[in-house]
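Text of the file target_29.txt, holding compact mmCIF, C-alpha atoms:
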```
# COMPACT_ATOMS: atom_id res chain seq x y z
CA MET D 22 56.21 1.85 -4.24
CA LYS D 23 53.80 -0.05 -1.97
CA LYS D 24 52.59 -3.40 -3.20
CA TYR D 25 49.92 -5.59 -1.62
CA SER D 26 48.45 -8.93 -2.58
CA ILE D 27 44.78 -8.96 -3.52
CA PHE D 28 44.05 -11.01 -0.44
CA LEU D 29 45.51 -8.37 1.86
CA LEU D 30 43.84 -5.57 -0.05
CA SER D 31 40.43 -7.20 0.28
CA ALA D 32 40.90 -7.32 4.03
CA LEU D 33 41.94 -3.68 4.11
CA ALA D 34 38.90 -2.70 2.03
CA LEU D 35 36.65 -3.91 4.82
CA GLY D 36 38.24 -1.53 7.28
CA PHE D 37 38.49 1.67 5.23
CA SER D 38 35.99 4.04 3.64
CA ALA D 39 37.50 5.70 0.57
CA CYS D 40 36.38 9.22 -0.34
CA ASP D 41 39.05 10.50 -2.73
CA ASP D 42 39.57 9.84 -6.41
CA LYS D 43 42.53 7.47 -6.07
CA SER D 44 42.16 3.86 -5.01
CA ASP D 45 45.17 2.56 -3.04
CA LEU D 46 42.97 -0.07 -1.44
CA GLY D 47 43.66 -2.41 -4.32
CA ILE D 48 41.28 -4.79 -6.06
CA GLN D 49 38.26 -6.47 -4.51
CA GLN D 50 37.91 -9.98 -5.92
CA VAL D 51 34.75 -10.51 -7.98
CA ASN D 52 35.59 -13.84 -9.64
CA GLU D 53 37.30 -16.55 -7.62
CA GLN D 54 41.05 -15.83 -7.46
CA GLU D 55 43.30 -18.51 -8.86
CA THR D 56 46.69 -16.85 -8.46
CA ILE D 57 48.00 -13.93 -6.45
CA ALA D 58 48.23 -10.67 -8.37
CA GLU D 59 49.57 -7.38 -7.12
CA ALA D 60 48.08 -3.98 -7.68
CA ASN D 61 48.62 -0.41 -6.65
CA GLY D 62 46.57 2.65 -7.56
CA LEU D 63 44.65 4.10 -10.41
CA THR D 64 43.76 7.77 -10.51
CA LEU D 65 40.87 9.36 -12.45
CA THR D 66 40.29 12.96 -13.49
CA ALA D 67 36.72 14.26 -13.84
CA SER D 68 35.66 15.95 -17.06
CA SER D 69 34.66 19.61 -17.11
CA ALA D 70 31.03 18.59 -17.68
CA TYR D 71 31.11 16.29 -14.65
CA ASN D 72 32.44 19.15 -12.52
CA ALA D 73 30.03 21.76 -13.91
CA THR D 74 26.80 20.61 -15.60
CA ILE D 75 26.11 17.57 -17.74
CA ASP D 76 23.96 19.05 -20.51
CA LEU D 77 21.57 16.42 -21.89
CA GLU D 78 19.30 18.99 -23.57
CA ASN D 79 21.94 19.92 -26.15
CA THR D 80 23.66 16.54 -26.56
CA VAL D 81 20.80 14.27 -27.65
CA GLY D 82 22.22 11.27 -29.54
CA GLN D 83 25.79 12.20 -28.61
CA THR D 84 28.36 11.04 -26.07
CA ILE D 85 29.57 13.03 -23.06
CA ASP D 86 33.00 12.97 -21.42
CA ILE D 87 32.86 11.78 -17.81
CA ALA D 88 36.37 10.82 -16.68
CA SER D 89 39.84 9.99 -17.90
CA VAL D 90 42.68 7.95 -16.42
CA ALA D 91 45.33 10.23 -14.94
CA GLY D 92 47.68 7.62 -13.53
CA VAL D 93 48.25 3.88 -13.24
CA GLU D 94 50.85 2.15 -11.10
CA GLY D 95 51.53 -1.32 -9.85
CA PHE D 96 49.21 -3.36 -12.07
CA PRO D 97 50.37 -6.42 -14.00
CA GLU D 98 51.30 -5.90 -17.63
CA GLY D 99 48.30 -6.18 -19.92
CA THR D 100 45.78 -5.08 -17.27
CA THR D 101 42.79 -3.27 -18.76
CA PHE D 102 40.14 -1.24 -16.96
CA THR D 103 36.36 -1.09 -17.28
CA MET D 104 34.42 1.95 -16.03
CA LYS D 105 30.75 2.19 -15.10
CA LEU D 106 28.89 5.31 -14.03
CA ALA D 107 26.66 4.73 -10.98
CA VAL D 108 23.76 7.18 -10.61
CA ALA D 109 21.52 7.45 -7.52
CA LYS D 110 19.16 9.88 -5.82
CA SER D 111 20.84 9.57 -2.41
CA GLU D 112 24.38 9.82 -1.12
CA ASP D 113 24.44 6.20 0.07
CA MET D 114 23.92 5.21 -3.59
CA SER D 115 20.96 3.00 -2.74
CA GLY D 116 18.76 2.20 -5.73
CA LYS D 117 21.60 3.14 -8.08
CA GLN D 118 21.40 2.63 -11.83
CA ILE D 119 24.42 1.92 -14.01
CA VAL D 120 25.34 3.72 -17.23
CA ALA D 121 28.02 2.14 -19.42
CA VAL D 122 31.25 4.11 -19.87
CA ASN D 123 33.26 3.61 -23.06
CA ASN D 124 36.64 5.35 -23.42
CA GLY D 125 35.62 7.69 -20.61
CA LYS D 126 32.33 8.67 -22.29
CA ILE D 127 28.67 7.88 -21.71
CA SER D 128 25.66 8.00 -23.97
CA SER D 129 23.60 11.14 -23.33
CA ASP D 130 20.45 9.17 -24.14
CA ASP D 131 21.29 6.45 -21.61
CA LEU D 132 21.72 9.00 -18.82
CA GLU D 133 18.48 10.77 -19.86
CA ASP D 134 16.61 7.47 -19.40
CA VAL D 135 17.93 7.22 -15.84
CA ILE D 136 17.08 10.86 -15.05
CA VAL D 137 13.50 10.42 -16.30
CA ASP D 138 13.17 7.27 -14.20
CA PHE D 139 14.36 9.12 -11.09
CA TYR D 140 12.82 12.57 -11.57
CA ASN D 141 10.07 12.16 -14.17
CA ILE D 142 10.09 14.46 -17.20
CA THR D 143 11.45 17.85 -16.15
CA PRO D 144 13.42 20.57 -17.95
CA GLU D 145 14.97 21.83 -14.72
CA VAL D 146 18.46 20.99 -13.45
CA VAL D 147 18.51 18.00 -11.11
CA LYS D 148 21.34 16.90 -8.81
CA PRO D 149 21.74 13.14 -8.59
CA TRP D 150 24.68 11.51 -6.83
CA MET D 151 27.22 9.96 -9.18
CA GLY D 152 30.34 7.88 -8.85
CA VAL D 153 32.53 5.84 -11.14
CA GLU D 154 33.04 2.14 -10.55
CA VAL D 155 36.32 0.81 -11.97
CA TYR D 156 37.08 -2.84 -12.64
CA ALA D 157 40.54 -4.23 -13.38
CA ASN D 158 40.72 -7.01 -15.94
CA VAL D 159 43.67 -9.38 -15.54
CA GLY D 160 43.44 -12.29 -17.89
CA THR D 161 40.06 -13.91 -17.32
CA GLN D 162 39.58 -12.27 -13.92
CA GLN D 163 37.71 -9.01 -13.25
CA SER D 164 37.95 -7.24 -9.90
CA ARG D 165 36.47 -3.98 -8.64
CA LEU D 166 38.98 -1.49 -7.36
CA GLY D 167 38.55 -0.33 -3.78
CA GLY D 168 35.72 -2.67 -2.85
CA GLU D 169 32.01 -2.65 -3.54
CA ASN D 170 31.31 0.62 -1.70
CA PHE D 171 34.14 2.63 -3.27
CA TYR D 172 33.35 5.12 -6.03
CA TYR D 173 35.79 7.34 -7.86
CA LEU D 174 34.71 10.99 -8.21
CA LYS D 175 31.66 10.51 -6.00
CA LYS D 176 29.66 13.74 -5.73
CA GLN D 177 26.37 15.43 -6.56
CA VAL D 178 26.41 16.37 -10.23
CA ASN D 179 24.31 19.01 -11.97
CA VAL D 180 22.35 17.50 -14.86
CA LEU D 181 20.25 19.49 -17.32
CA PRO D 182 17.62 17.05 -18.68
CA VAL D 183 16.08 17.12 -22.13
CA ASP D 184 13.13 19.50 -22.33
CA ALA D 185 10.26 17.43 -23.71
CA LYS D 186 8.51 20.69 -24.64
CA LEU D 187 5.19 19.43 -23.36
CA ASP D 188 2.04 21.41 -24.07
CA ILE D 189 1.69 22.93 -20.62
CA GLU D 190 2.53 26.33 -19.13
CA SER D 191 3.90 27.04 -15.68
CA ALA D 192 0.80 28.92 -14.45
CA TYR D 193 -2.93 29.18 -15.24
CA PHE D 194 -5.80 31.42 -14.15
CA LEU D 195 -9.51 30.86 -13.69
CA GLY D 196 -11.27 33.27 -16.02
CA GLY D 197 -14.81 34.17 -16.97
CA THR D 198 -17.20 35.66 -14.44
CA GLU D 199 -14.36 35.92 -11.93
CA SER D 200 -10.58 35.75 -12.20
CA GLN D 201 -8.05 34.16 -9.88
CA LYS D 202 -4.69 32.43 -10.18
CA MET D 203 -5.00 28.66 -9.91
CA ASP D 204 -3.09 26.94 -7.12
CA HIS D 205 -0.18 24.67 -7.96
CA SER D 206 2.50 22.81 -6.03
CA ASP D 207 6.20 23.71 -5.98
CA LEU D 208 6.91 20.95 -8.52
CA HIS D 209 7.44 21.76 -12.18
CA ALA D 210 4.31 21.56 -14.31
CA TYR D 211 5.81 18.62 -16.22
CA VAL D 212 5.82 16.65 -12.96
CA ASP D 213 2.63 17.98 -11.32
CA ASN D 214 0.14 18.66 -14.10
CA ASN D 215 -2.77 19.65 -11.83
CA PHE D 216 -3.91 23.25 -11.29
CA ILE D 217 -6.66 23.94 -8.73
CA SER D 218 -9.17 26.70 -8.00
CA VAL D 219 -11.70 26.88 -5.17
CA PHE D 220 -14.35 29.55 -5.69
CA GLU D 221 -17.81 30.64 -4.61
CA VAL D 222 -20.81 31.02 -6.91
CA SER D 223 -23.49 33.25 -5.43
CA SER D 224 -27.19 32.78 -6.05
CA ALA D 225 -27.23 35.87 -8.28
CA GLN D 226 -24.22 34.63 -10.26
CA ALA D 227 -25.76 31.18 -10.63
CA GLN D 228 -29.04 32.65 -11.84
CA ALA D 229 -27.21 34.73 -14.43
CA GLY D 230 -24.98 31.77 -15.38
CA PHE D 231 -21.50 31.71 -13.84
CA GLU D 232 -19.06 31.33 -16.76
CA TRP D 233 -15.61 29.84 -16.38
CA MET D 234 -12.59 29.03 -18.53
CA ILE D 235 -8.92 28.35 -17.91
CA VAL D 236 -6.54 31.08 -19.01
CA PRO D 237 -2.85 30.25 -19.69
CA GLN D 238 -0.30 32.59 -18.15
CA SER D 239 0.68 33.73 -21.63
CA GLN D 240 -2.90 35.05 -22.07
CA GLU D 241 -3.39 36.59 -18.63
CA SER D 242 -3.09 40.27 -19.54
CA ALA D 243 -5.55 40.16 -22.46
CA PRO D 244 -7.21 36.73 -22.71
CA ASP D 245 -8.20 35.60 -26.18
CA PRO D 246 -11.09 33.13 -25.65
CA ALA D 247 -9.90 31.15 -28.67
CA LYS D 248 -6.63 30.46 -26.82
CA CYS D 249 -8.25 29.61 -23.47
CA TRP D 250 -9.54 26.22 -22.34
CA GLY D 251 -13.12 25.29 -21.46
CA PRO D 252 -15.17 22.11 -20.93
CA GLN D 253 -16.42 19.76 -23.60
CA GLY D 254 -17.61 16.60 -21.88
CA ASP D 255 -14.83 15.71 -19.43
CA LYS D 256 -12.17 17.24 -21.70
CA LEU D 257 -10.77 20.75 -21.96
CA VAL D 258 -10.79 22.25 -25.45
CA LEU D 259 -9.72 25.60 -26.83
CA GLY D 260 -12.42 28.22 -27.23
CA ALA D 261 -15.02 26.62 -24.92
CA LYS D 262 -16.62 28.04 -21.76
CA GLY D 263 -18.36 26.34 -18.87
CA THR D 264 -21.52 27.58 -17.14
CA ILE D 265 -22.53 26.92 -13.52
CA THR D 266 -26.19 27.43 -12.66
CA ALA D 267 -26.30 26.21 -9.04
CA PRO D 268 -24.92 28.33 -6.19
CA GLY D 269 -22.26 26.90 -3.92
CA ARG D 270 -18.56 26.50 -3.21
CA TYR D 271 -16.74 24.73 -6.03
CA ARG D 272 -13.38 23.08 -6.59
CA LEU D 273 -11.96 22.88 -10.12
CA VAL D 274 -9.01 20.55 -10.73
CA ALA D 275 -7.52 20.77 -14.23
CA ASP D 276 -4.87 18.41 -15.59
CA MET D 277 -3.34 20.79 -18.10
CA LEU D 278 -1.17 18.12 -19.69
CA LYS D 279 -3.96 15.63 -20.40
CA LYS D 280 -6.48 18.49 -20.80
CA THR D 281 -9.03 16.90 -18.46
CA PHE D 282 -10.83 18.33 -15.43
CA THR D 283 -13.10 17.62 -12.49
CA LEU D 284 -15.53 20.18 -11.08
CA THR D 285 -17.01 19.35 -7.68
CA PHE D 286 -18.51 21.08 -4.72
CA ALA D 287 -15.83 22.04 -2.20
CA TYR D 288 -17.43 21.67 1.20
CA GLU D 289 -15.18 20.44 3.98
CA VAL D 290 -18.12 18.84 5.81
CA LEU D 291 -21.82 18.21 5.33
CA TYR D 292 -24.18 18.73 8.26
CA THR D 293 -27.01 16.25 8.87
CA PRO D 294 -29.90 18.16 10.47
CA GLY D 295 -32.98 16.06 11.14
CA THR D 296 -35.32 14.54 13.69
CA GLY D 297 -32.38 13.20 15.69
CA ASN D 298 -31.04 16.67 16.50
CA GLY D 299 -34.03 18.99 16.31
CA TRP D 300 -33.27 19.93 12.69
CA ASN D 301 -30.33 21.97 13.95
CA GLN D 302 -27.18 21.98 11.82
CA ALA D 303 -24.88 23.03 14.64
CA ASN D 304 -26.13 20.17 16.82
CA SER D 305 -25.95 17.60 14.05
CA MET D 306 -23.21 15.11 13.28
CA GLN D 307 -21.03 15.83 10.28
CA LEU D 308 -19.97 13.87 7.22
CA TYR D 309 -16.48 14.59 5.93
CA THR D 310 -14.48 14.05 2.78
CA VAL D 311 -11.00 13.61 1.36
CA ASN D 312 -11.87 14.44 -2.25
CA TYR D 313 -14.82 16.89 -2.10
CA ALA D 314 -17.04 14.34 -3.83
CA ASP D 315 -17.45 11.39 -1.44
CA TYR D 316 -18.73 12.24 2.05
CA PHE D 317 -19.09 9.72 4.85
CA GLY D 318 -19.82 9.42 8.55
CA VAL D 319 -22.49 8.54 11.06
CA THR D 320 -25.64 10.45 11.95
CA ARG D 321 -28.50 9.77 14.35
CA THR D 322 -31.92 10.14 12.78
CA GLY D 323 -33.82 9.52 16.01
CA ALA D 324 -33.87 7.34 19.10
CA ASP D 325 -33.28 3.62 18.65
CA GLY D 326 -36.58 1.82 18.21
CA GLU D 327 -38.52 4.74 16.76
CA ALA D 328 -40.35 3.70 13.61
CA LYS D 329 -38.97 6.43 11.40
CA GLY D 330 -36.31 9.12 11.24
CA GLU D 331 -35.67 11.94 8.80
CA PHE D 332 -32.72 14.18 7.90
CA LYS D 333 -31.14 16.15 5.07
CA LEU D 334 -27.62 17.01 3.97
CA ASP D 335 -26.64 20.66 4.34
CA ALA D 336 -23.42 22.35 3.26
CA SER D 337 -24.23 25.43 5.35
CA THR D 338 -25.97 26.31 8.59
CA ASP D 339 -28.74 28.35 6.97
CA TRP D 340 -30.28 25.90 4.46
CA SER D 341 -28.86 27.89 1.53
CA MET D 342 -27.32 24.73 0.02
CA ASN D 343 -28.96 21.48 1.06
CA TRP D 344 -29.87 18.15 -0.49
CA GLY D 345 -32.82 15.85 0.00
CA LEU D 346 -33.85 12.69 -1.82
CA ASN D 347 -36.23 12.63 -4.77
CA GLY D 348 -36.68 9.38 -6.67
CA GLY D 349 -33.52 7.92 -5.13
CA VAL D 350 -31.41 10.88 -6.31
CA LEU D 351 -29.88 13.56 -4.11
CA THR D 352 -31.59 16.79 -5.11
CA PRO D 353 -30.94 20.39 -4.02
CA ASN D 354 -33.80 21.40 -1.71
CA GLY D 355 -35.25 17.91 -2.16
CA ASP D 356 -37.51 15.90 0.13
CA ASN D 357 -36.38 14.73 3.55
CA ILE D 358 -34.27 11.56 3.57
CA VAL D 359 -36.27 8.96 5.47
CA THR D 360 -34.82 6.10 7.52
CA GLU D 361 -36.93 3.23 8.77
CA PRO D 362 -36.38 2.67 11.61
CA ALA D 363 -34.70 5.66 13.25
CA GLY D 364 -31.27 5.09 14.75
CA LEU D 365 -27.56 5.56 14.15
CA TYR D 366 -26.71 5.28 10.45
CA PHE D 367 -23.45 5.15 8.53
CA VAL D 368 -23.98 7.46 5.56
CA LYS D 369 -22.04 7.58 2.27
CA ALA D 370 -22.99 10.34 -0.18
CA ASN D 371 -21.46 11.35 -3.51
CA LEU D 372 -22.22 14.90 -4.63
CA ASN D 373 -21.03 14.22 -8.17
CA ALA D 374 -23.16 11.13 -8.73
CA LEU D 375 -25.90 12.56 -6.44
CA SER D 376 -26.10 9.17 -4.71
CA ILE D 377 -26.47 8.11 -1.09
CA SER D 378 -26.31 4.83 0.86
CA LEU D 379 -27.44 4.25 4.45
CA LEU D 380 -26.51 1.45 6.87
CA LEU D 381 -28.14 1.11 10.29
CA VAL D 382 -25.22 0.58 12.69
CA LYS D 383 -25.72 -2.54 14.81
CA SER D 384 -22.13 -3.44 15.64
CA VAL D 385 -18.51 -2.37 15.08
CA GLY D 386 -15.64 -4.84 14.96
CA ILE D 387 -11.88 -5.01 14.53
CA ILE D 388 -11.02 -7.12 11.50
CA GLY D 389 -7.79 -8.36 9.89
CA LEU D 390 -5.62 -8.67 13.02
CA ASN D 391 -2.96 -11.39 12.63
CA GLY D 392 -4.23 -12.01 9.11
CA ASN D 393 -7.73 -13.01 10.25
CA TRP D 394 -10.09 -11.31 7.80
CA ASP D 395 -13.05 -13.57 8.59
CA ASN D 396 -13.80 -13.02 12.27
CA ASP D 397 -14.39 -9.65 13.95
CA ILE D 398 -13.23 -8.69 17.41
CA VAL D 399 -16.56 -7.23 18.52
CA MET D 400 -16.31 -3.85 20.25
CA THR D 401 -18.45 -2.32 23.00
CA SER D 402 -20.50 0.83 22.31
CA SER D 403 -21.01 3.93 24.38
CA SER D 404 -24.61 4.90 25.12
CA ASP D 405 -24.77 7.21 22.08
CA GLY D 406 -23.01 4.77 19.71
CA LEU D 407 -20.23 7.20 18.90
CA VAL D 408 -17.38 5.66 20.95
CA TRP D 409 -16.48 1.98 20.64
CA THR D 410 -13.92 0.16 22.79
CA GLY D 411 -12.24 -3.23 22.67
CA THR D 412 -9.04 -5.17 23.32
CA MET D 413 -6.83 -6.82 20.73
CA LYS D 414 -3.61 -8.83 20.75
CA ALA D 415 -1.19 -8.53 17.83
CA ASP D 416 1.13 -11.54 17.59
CA GLY D 417 3.62 -9.60 15.45
CA ASP D 418 3.70 -6.81 12.92
CA THR D 419 0.22 -6.89 11.42
CA ASP D 420 -2.66 -4.60 10.43
CA PHE D 421 -6.39 -4.17 10.93
CA LYS D 422 -9.47 -2.12 10.07
CA PHE D 423 -12.82 -1.29 11.62
CA ARG D 424 -15.97 -2.54 9.92
CA PHE D 425 -19.68 -2.23 10.63
CA ASN D 426 -22.19 -5.04 11.07
CA GLY D 427 -19.61 -7.71 10.26
CA GLY D 428 -19.56 -6.82 6.56
CA TRP D 429 -17.86 -4.54 4.05
CA ASP D 430 -20.67 -2.12 3.22
CA ALA D 431 -19.06 0.32 5.64
CA ASN D 432 -15.52 0.26 7.03
CA LEU D 433 -12.85 2.63 8.28
CA GLY D 434 -9.09 2.57 7.75
CA GLY D 435 -6.18 4.87 6.96
CA SER D 436 -4.17 6.67 9.63
CA MET D 437 -5.23 6.53 13.25
CA ASP D 438 -5.60 10.31 13.46
CA LYS D 439 -7.75 10.47 10.32
CA LEU D 440 -9.83 7.41 9.59
CA VAL D 441 -11.54 7.33 6.21
CA SER D 442 -14.21 5.23 4.56
CA ASP D 443 -12.68 2.24 2.73
CA GLY D 444 -9.22 3.44 3.85
CA ASP D 445 -5.98 1.47 3.91
CA ASN D 446 -5.21 -1.13 6.55
CA ILE D 447 -3.89 0.29 9.82
CA PRO D 448 -0.43 -1.09 10.79
CA VAL D 449 0.29 -2.20 14.35
CA SER D 450 3.27 -3.91 16.00
CA ALA D 451 3.20 -6.85 18.38
CA GLY D 452 1.45 -6.32 21.72
CA THR D 453 -1.85 -6.25 23.55
CA TYR D 454 -3.83 -3.02 23.23
CA ASP D 455 -6.94 -1.32 24.50
CA VAL D 456 -8.59 0.16 21.40
CA VAL D 457 -10.87 3.22 21.27
CA LEU D 458 -12.71 4.26 18.10
CA ASP D 459 -13.95 7.85 18.47
CA MET D 460 -16.66 9.12 16.08
CA THR D 461 -17.79 12.07 18.22
CA LYS D 462 -16.15 14.56 15.81
CA VAL D 463 -14.53 14.59 12.41
CA PRO D 464 -12.11 13.37 11.40
CA TYR D 465 -12.70 10.08 13.17
CA THR D 466 -9.75 8.74 15.19
CA CYS D 467 -8.63 5.64 17.03
CA THR D 468 -6.18 5.25 19.87
CA LEU D 469 -4.21 2.21 20.99
CA THR D 470 -2.98 1.90 24.57
CA ALA D 471 -0.49 -0.88 25.26
CA LYS D 472 -1.41 -3.10 28.19
```

Would you kindly transcribe this structure into structure tokens?
Amino acid sequence: MKKYSIFLLSALALGFSACDDKSDLGIQQVNEQETIAEANGLTLTASSAYNATIDLENTVGQTIDIASVAGVEGFPEGTTFTMKLAVAKSEDMSGKQIVAVNNGKISSDDLEDVIVDFYNITPEVVKPWMGVEVYANVGTQQSRLGGENFYYLKKQVNVLPVDAKLDIESAYFLGGTESQKMDHSDLHAYVDNNFISVFEVSSAQAQAGFEWMIVPQSQESAPDPAKCWGPQGDKLVLGAKGTITAPGRYRLVADMLKKTFTLTFAYEVLYTPGTGNGWNQANSMQLYTVNYADYFGVTRTGADGEAKGEFKLDASTDWSMNWGLNGGVLTPNGDNIVTEPAGLYFVKANLNALSISLLLVKSVGIIGLNGNWDNDIVMTSSSDGLVWTGTMKADGDTDFKFRFNGGWDANLGGSMDKLVSDGDNIPVSAGTYDVVLDMTKVPYTCTLTAK
């Protein structure tokens, strides 16, 4: 029988990586050691549930067998052992949570709390990594066997969570005037509650009143309107139907757990035909969006210095769906939007609120570099105002944004290959860079070239 002092075993633990279910590496000291103790191995055997599937759905309020001691050798008389179940989403056990083990058993409810924290509420089998930590108790001292990175029975374990039986089905359909299956991610409906449809409403359909409702999968073959969902305010209620009276391309997003929805136009871009481009959609600059409600970008309404410019917003290239401005409100087929003077404007429009804001672009600056959010690094404009260049020096890991006219009415951030209005700060590492902001096409981009 091999016997090692704790001091020797601690040194060995630094040089070995244990992967079996028997610790011959000894005891890693947790509390300061007063006397030398000797220890050999302890062997655990996994329960059948641990090796197959830990069923939380059918053991609510109960305990579940995890492991039992199969063998003990070389420990001082009177040594007792404490087990803890470590649960993590990754093999390296980072971010682990601990579940108490008593007499080889855990509380089903305690493990369910950990699973919900890691995976949200889901009724589908998940596969977290698990391992058992074992501590030897000798008198007043407690030491972890094998060292801090050793786990008995470490493996991915099948766990069947508790089904919360939420009021949501796995699939839904758009019903009414037209029918189509709503899009959904690969996640379970408990985790991703949103179902999405993008659809066209023709002028004839709008004139007749385009009706829509949300049909659960269980009602698909023969929908009963009383068991389908429709709008009432911003909520979805049983037995209601919505009616669309304006033609266009729409995007319906329904949270079928909360029973709420948003219905917006679904145009990828808005054209800005006007006096600055001969009222030609194809030649106009475009506004773009990340949510089909807020659109933003620059447009030229005429040459700099001209007293007045005019333009409209158009979702098409044939004027079939356009907005003007009547009484400060965006209005389908409304009056031309007037700018005084003409020039390059940063435009923000919301098709839900039917609102618009305009900012005459006078300058573009880099702001926030090295934590300086007060002073812009002023950039140089191309002749058309669509490309801006500058140089910046980052003293270390930092971030920045672009803003217009030295203020926050209009700014760009996010990722360098897709800048968005009011986006996140853009990270950059230490160095000196030539910076190019390109607004010639959407999405807007910036490039950094190290000097």

One decimal, Å: what's the distance from CA of Phe216 in chain D over to CA of Leu334 in chain D, could you say?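 A separation of 28.9 Å between them.
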
Selected residue of minimal separation from Gly167 in chain D among D:Thr296, D:Asn396, D:Ser305, D:Thr64, counting only C-alpha atoms: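 Distance minimum relative to Gly167 in chain D lands on D:Thr64.
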
Name the residues in contact with range 103-115 of chain D at a cut-off of 7 Å, using all atoms listed in the file, excluding same-chain residues fewer than 4 positions from it; report them as a list in words.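 With the cut-off at 7 Å, the set is Ile119, Val120, Ala121, Val122, Pro149, Trp150, Met151, Gly152, Val153, Glu154, Val155, Tyr156 and Ala157 of chain D.
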
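Nearest residue to Leu308 in chain D, choosing from D:Asp443, D:Glu289, D:Asp276, D:Asp76 and counting only C-alpha atoms: D:Glu289.
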
Compile the contact shell of Pro252 in chain D as a PyMOL selection string: residues with an atom at most 6 Å away, counting all atoms listed in the file, same-chain residues fewer than 3 positions apart removed. chain D and resi 256-257+263

Taking only residues of range 231-284 of chain D that have an atom at most 10 Å from an atom of range 338-345 of chain D, what is each one's shortest atom pair and its distance in Å to one decimal, using all atoms listed in the file, in chain and number order, as a tab-separated table?
```
residue	atom	partner	partner_atom	distance
D:Ala267	CA	D:Met342	CA	9.2
D:Pro268	CA	D:Met342	CA	7.6
D:Gly269	CA	D:Met342	CA	6.8
D:Arg270	CA	D:Met342	CA	9.5
```

Excluding range 373-382 of chain D and residues on its chain fewer than 6 positions from it, collect all residues at most 8 Å away from it, counting all atoms listed in the file, and give them as a ChimeraX atom specification. /D:285,314,349-352,364-367,425-426,430-431

Polymer residues at most 10 Å from Thr310 in chain D, only C-alpha atoms, same-chain spacing of 2 or more positions, as a list in words: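 After dropping sequence-adjacent residues, the list is Ala287, Tyr288, Glu289, Val290, Leu291, Leu308, Asn312, Tyr313, Ala314, Asp315, Tyr316, Phe317, Gly318, Lys369, Ala370, Asn371, Val441, Ser442, Val463 and Pro464 of chain D.
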
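If you measure from each of D:Arg272, D:Arg424, D:Lys383, D:Arg165 to Asp395 in chain D using only C-alpha atoms, the closest one turns out to be D:Arg424.
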
Need to verify the contact set: Asn179 in chain D, 12 Å, all atoms listed in the file, exclusion of same-chain residues closer than 3 positions in sequence. Can you return it as a ChimeraX atom specification? /D:69-77,108,136,145-151,176,182

Could you jot down the CA of Asn347 in chain D to CA of Lys329 in chain D separation for me, Å, one decimal place?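 Distance between the two atoms: 17.5 Å.
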
Atom-to-atom span, CA of Ala261 in chain D and CA of Thr281 in chain D, Å: 13.1 Å
